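Here is the structure we will look at, set down as structure tokens.
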Amino acid sequence: PKGLSTKTVRNINQVISSAMQLAIQQHLISHDPTDGCALPKTEHREMQTLSADQLAAFLLEAKHSGVFEMYYIELATGLRRGELLGLKWEDIDFTAQTLRVRRQVGRINGEVREAPLKTKNAYRTISLGTDAMGILKQQREKQPSSSYVFPGPTGGPIAPDSVLHMLHRVLKRAGLPRVRFHDLRHTFATLALQNGVDVRTLQEVLGHENLNTTQIYTHIESTELKIAAEANPLSHLALDGPDTKSEK
């Protein structure tokens, strides 16, 4: 009903235009019919971040709503939403204190299912701090029967849109401004930089693809990633104690 997003329309145009250029090179057509297409203007949505005080209020309400573990891990790692939901227990190494990003969960043709990651840089291993590992151990005790770290009601993958609706409910209950799920990733990145994590290490952790083709990601030593993990700005926000109610 709403039509395709601006980004999707422009991506489709780019793919078709590339195909037309190849057709011209092979003398199949004489001109590119996509020339002069009226494309929607690119939308620049300002990223929002939560302050340390807002994070404390958010995580407290998340604990009351029974979803503390999921949002804490998100804020401690900066994973993309699909990557977070695609985490399985086989991806967590409690001895090495690492988390492997190997898949994502999305809604494809109306069905919630696993999908490959979009870029090679998205496949990565992230070192976690002691607090984050403790939170994951709590989550494993809560969800011992599912292969997913953050499963849906039936034990399978949880729907990405459900996680977004859940986020907005928690923010509203905490009296906080409405932000997108991706803004939690941006919050992690901003606080990590403020806490001394260097940009190259942050790019490795976030799995960003370098847009400058003349540069290639340099290998980040595991010790440097460990330092980045221990510099986690959420360390002082880890809340102890049982949940008082569950998110419905």
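Labels used: A, B, ... for chains in the order of the structure tokens, numbers from 1 for residues in each chain, and numbers from 1 for ligands as shown.
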**OP:** Compile the contact shell of region 81-90 of chain A as a VMD selection string: residues with an atom at most 6 Å away, counting only C-alpha atoms, same-chain residues fewer than 2 positions apart removed.
**Re:** chain A and resid 79 92 103 to 106 147 to 149
Take the residues from that selection and write them out as a CSV table (one decimal), in the first residue's frame, keeping C-alpha atoms.
chain,number,residue,atom,x,y,z
A,79,LEU,CA,24.8,-5.8,15.8
A,92,ILE,CA,28.8,-18.1,21.4
A,103,ARG,CA,23.6,-15.3,9.5
A,104,GLN,CA,20.7,-12.9,9.7
A,105,VAL,CA,17.0,-13.3,10.2
A,106,GLY,CA,14.6,-11.4,8.0
A,147,SER,CA,19.0,-23.0,19.3
A,148,TYR,CA,18.5,-19.3,19.0
A,149,VAL,CA,19.9,-16.9,21.6
**OP:** Find the residues near Val179 (chain A): any atom within 10 Å, counting only C-alpha atoms, skip ones fewer than 5 places away on the same chain, and give them as an MDAnalysis selection string.
**Re:** chainID A and resid 47:50 164 167:168 171 184
Okay, now the selection with C-alpha atoms, as a tab-separated table (two decimals), in the first residue's frame?
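What landed in again-v2.tsv:
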chain	number	residue	atom	x	y	z
A	47	MET	CA	20.56	9.33	13.39
A	48	GLN	CA	19.63	9.59	17.04
A	49	THR	CA	21.56	8.32	20.02
A	50	LEU	CA	20.63	7.68	23.63
A	164	LEU	CA	10.91	-3.01	16.69
A	167	LEU	CA	11.55	-1.41	21.37
A	168	HIS	CA	9.00	1.36	20.93
A	171	LEU	CA	10.95	3.49	25.09
A	184	LEU	CA	20.80	1.52	19.03
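You can rank A:Leu193, A:Ile73, A:Ala115, A:Met133 by their closest distance to Thr95 (chain A) using only C-alpha atoms, and at the top of that list sits A:Met133.
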**OP:** Mind checking which residues fall within 10 Å of Arg10 (chain A), counting only C-alpha atoms, ignoring those fewer than 6 positions away in the same chain, and posting them as a PyMOL selection string?
**Re:** chain A and resi 4+16+39-42
Subject >> DSSP helix (DSSP H, G or I) residues within region 39-102 of chain A, listed as an MDAnalysis selection string >> reply: chainID A and resid 52:64 68:77 81:85 89:91
Could you write those residues out with C-alpha atoms, as a PDB file, in the first residue's frame?
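Written file, part-v8.pdb:
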ATOM      1  CA  ALA A  52      24.152   7.381  29.253  1.00  0.00           C
ATOM      2  CA  ASP A  53      21.270   8.489  31.505  1.00  0.00           C
ATOM      3  CA  GLN A  54      18.722   7.520  28.850  1.00  0.00           C
ATOM      4  CA  LEU A  55      20.407   4.150  28.411  1.00  0.00           C
ATOM      5  CA  ALA A  56      20.128   3.488  32.137  1.00  0.00           C
ATOM      6  CA  ALA A  57      16.399   4.305  32.061  1.00  0.00           C
ATOM      7  CA  PHE A  58      15.898   2.246  28.917  1.00  0.00           C
ATOM      8  CA  LEU A  59      17.657  -0.838  30.276  1.00  0.00           C
ATOM      9  CA  LEU A  60      15.803  -0.602  33.578  1.00  0.00           C
ATOM     10  CA  GLU A  61      12.465  -0.600  31.765  1.00  0.00           C
ATOM     11  CA  ALA A  62      13.696  -3.376  29.455  1.00  0.00           C
ATOM     12  CA  LYS A  63      14.418  -5.461  32.554  1.00  0.00           C
ATOM     13  CA  HIS A  64      10.942  -4.797  33.921  1.00  0.00           C
ATOM     14  CA  PHE A  68      16.722  -6.770  29.084  1.00  0.00           C
ATOM     15  CA  GLU A  69      19.162  -9.396  27.783  1.00  0.00           C
ATOM     16  CA  MET A  70      18.382  -8.848  24.112  1.00  0.00           C
ATOM     17  CA  TYR A  71      18.702  -5.072  24.193  1.00  0.00           C
ATOM     18  CA  TYR A  72      21.760  -5.145  26.431  1.00  0.00           C
ATOM     19  CA  ILE A  73      23.585  -7.398  23.970  1.00  0.00           C
ATOM     20  CA  GLU A  74      22.518  -5.132  21.119  1.00  0.00           C
ATOM     21  CA  LEU A  75      23.892  -2.063  22.894  1.00  0.00           C
ATOM     22  CA  ALA A  76      27.060  -3.927  23.835  1.00  0.00           C
ATOM     23  CA  THR A  77      27.822  -5.132  20.287  1.00  0.00           C
ATOM     24  CA  ARG A  81      18.830  -6.215  13.899  1.00  0.00           C
ATOM     25  CA  GLY A  82      18.817  -9.256  11.623  1.00  0.00           C
ATOM     26  CA  GLU A  83      22.252 -10.311  12.882  1.00  0.00           C
ATOM     27  CA  LEU A  84      21.115 -10.103  16.498  1.00  0.00           C
ATOM     28  CA  LEU A  85      18.042 -12.224  15.809  1.00  0.00           C
ATOM     29  CA  TRP A  89      24.148 -20.673  20.860  1.00  0.00           C
ATOM     30  CA  GLU A  90      26.652 -22.382  18.604  1.00  0.00           C
ATOM     31  CA  ASP A  91      27.919 -18.876  17.748  1.00  0.00           C
TER      32      ASP A  91
END
Subject >> Close residues, region 34-37 of chain A itself excluded, 12 Å, only C-alpha atoms, min 4 positions apart in chain, as a PyMOL selection string >> reply: chain A and resi 9-10+12-21+41
For region 118-125 of chain A, work out the shell of residues within 8 Å, counting only C-alpha atoms and skipping chain neighbours fewer than 6 positions away, then give it as a CSV table (one decimal) with N, CA, C and O atoms, in the first residue's frame.
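Heads up, here's the output in result-v4.csv:
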chain,number,residue,atom,x,y,z
A,98,THR,N,33.7,-14.8,22.9
A,98,THR,CA,33.5,-14.3,21.6
A,98,THR,C,32.1,-14.6,21.1
A,98,THR,O,31.5,-15.5,21.5
A,99,LEU,N,31.7,-13.8,20.1
A,99,LEU,CA,30.4,-14.0,19.4
A,99,LEU,C,30.7,-14.0,17.9
A,99,LEU,O,31.3,-13.0,17.4
A,100,ARG,N,30.2,-15.0,17.2
A,100,ARG,CA,30.4,-15.0,15.8
A,100,ARG,C,29.1,-14.6,15.1
A,100,ARG,O,28.0,-15.1,15.4
A,101,VAL,N,29.2,-13.7,14.1
A,101,VAL,CA,28.1,-13.3,13.3
A,101,VAL,C,28.2,-14.1,12.0
A,101,VAL,O,29.1,-13.9,11.2
A,102,ARG,N,27.2,-15.0,11.8
A,102,ARG,CA,27.2,-15.9,10.6
A,102,ARG,C,26.0,-15.9,9.8
A,102,ARG,O,26.0,-16.5,8.7
A,103,ARG,N,24.9,-15.3,10.2
A,103,ARG,CA,23.6,-15.3,9.5
A,103,ARG,C,22.8,-14.1,10.0
A,103,ARG,O,23.1,-13.5,11.0
A,204,GLU,N,35.7,-2.9,12.3
A,204,GLU,CA,35.8,-4.4,12.3
A,204,GLU,C,34.6,-5.0,13.2
A,204,GLU,O,34.0,-6.0,12.8
A,205,VAL,N,34.4,-4.3,14.3
A,205,VAL,CA,33.3,-4.8,15.2
A,205,VAL,C,31.9,-4.7,14.5
A,205,VAL,O,31.1,-5.6,14.5
A,206,LEU,N,31.7,-3.6,13.8
A,206,LEU,CA,30.4,-3.3,13.2
A,206,LEU,C,30.2,-4.1,11.9
A,206,LEU,O,29.1,-4.2,11.4
A,207,GLY,N,31.3,-4.6,11.3
A,207,GLY,CA,31.2,-5.3,10.0
A,207,GLY,C,30.9,-4.4,8.9
A,207,GLY,O,30.3,-4.8,7.9
A,208,HIS,N,31.4,-3.1,8.9
A,208,HIS,CA,31.1,-2.2,7.9
A,208,HIS,C,32.0,-2.5,6.6
A,208,HIS,O,33.2,-2.9,6.8
A,209,GLU,N,31.4,-2.3,5.4
A,209,GLU,CA,32.2,-2.5,4.2
A,209,GLU,C,32.8,-1.1,3.9
A,209,GLU,O,32.1,-0.1,3.9
Original post:
Smallest atom-to-atom distance to Leu176 (chain A): which of A:Leu128, A:Thr6, A:Gln138, A:Ser51, using only C-alpha atoms?
Top reply: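 Using only C-alpha atoms, Leu176 (chain A) sits closest to A:Ser51.
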Original post:
So how far away is CA of Gly156 (chain A) from CA of Gly78 (chain A), in Å?
Top reply: 22.5 Å
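Atom to atom, CA of Asn109 (chain A) and CA of Ala159 (chain A) stand 12.9 Å apart.
Restricting the calculation to only C-alpha atoms, the smallest distance between Val163 (chain A) and any of A:Phe181, A:Ser146, A:Glu141, A:Gln26 is found for A:Phe181.
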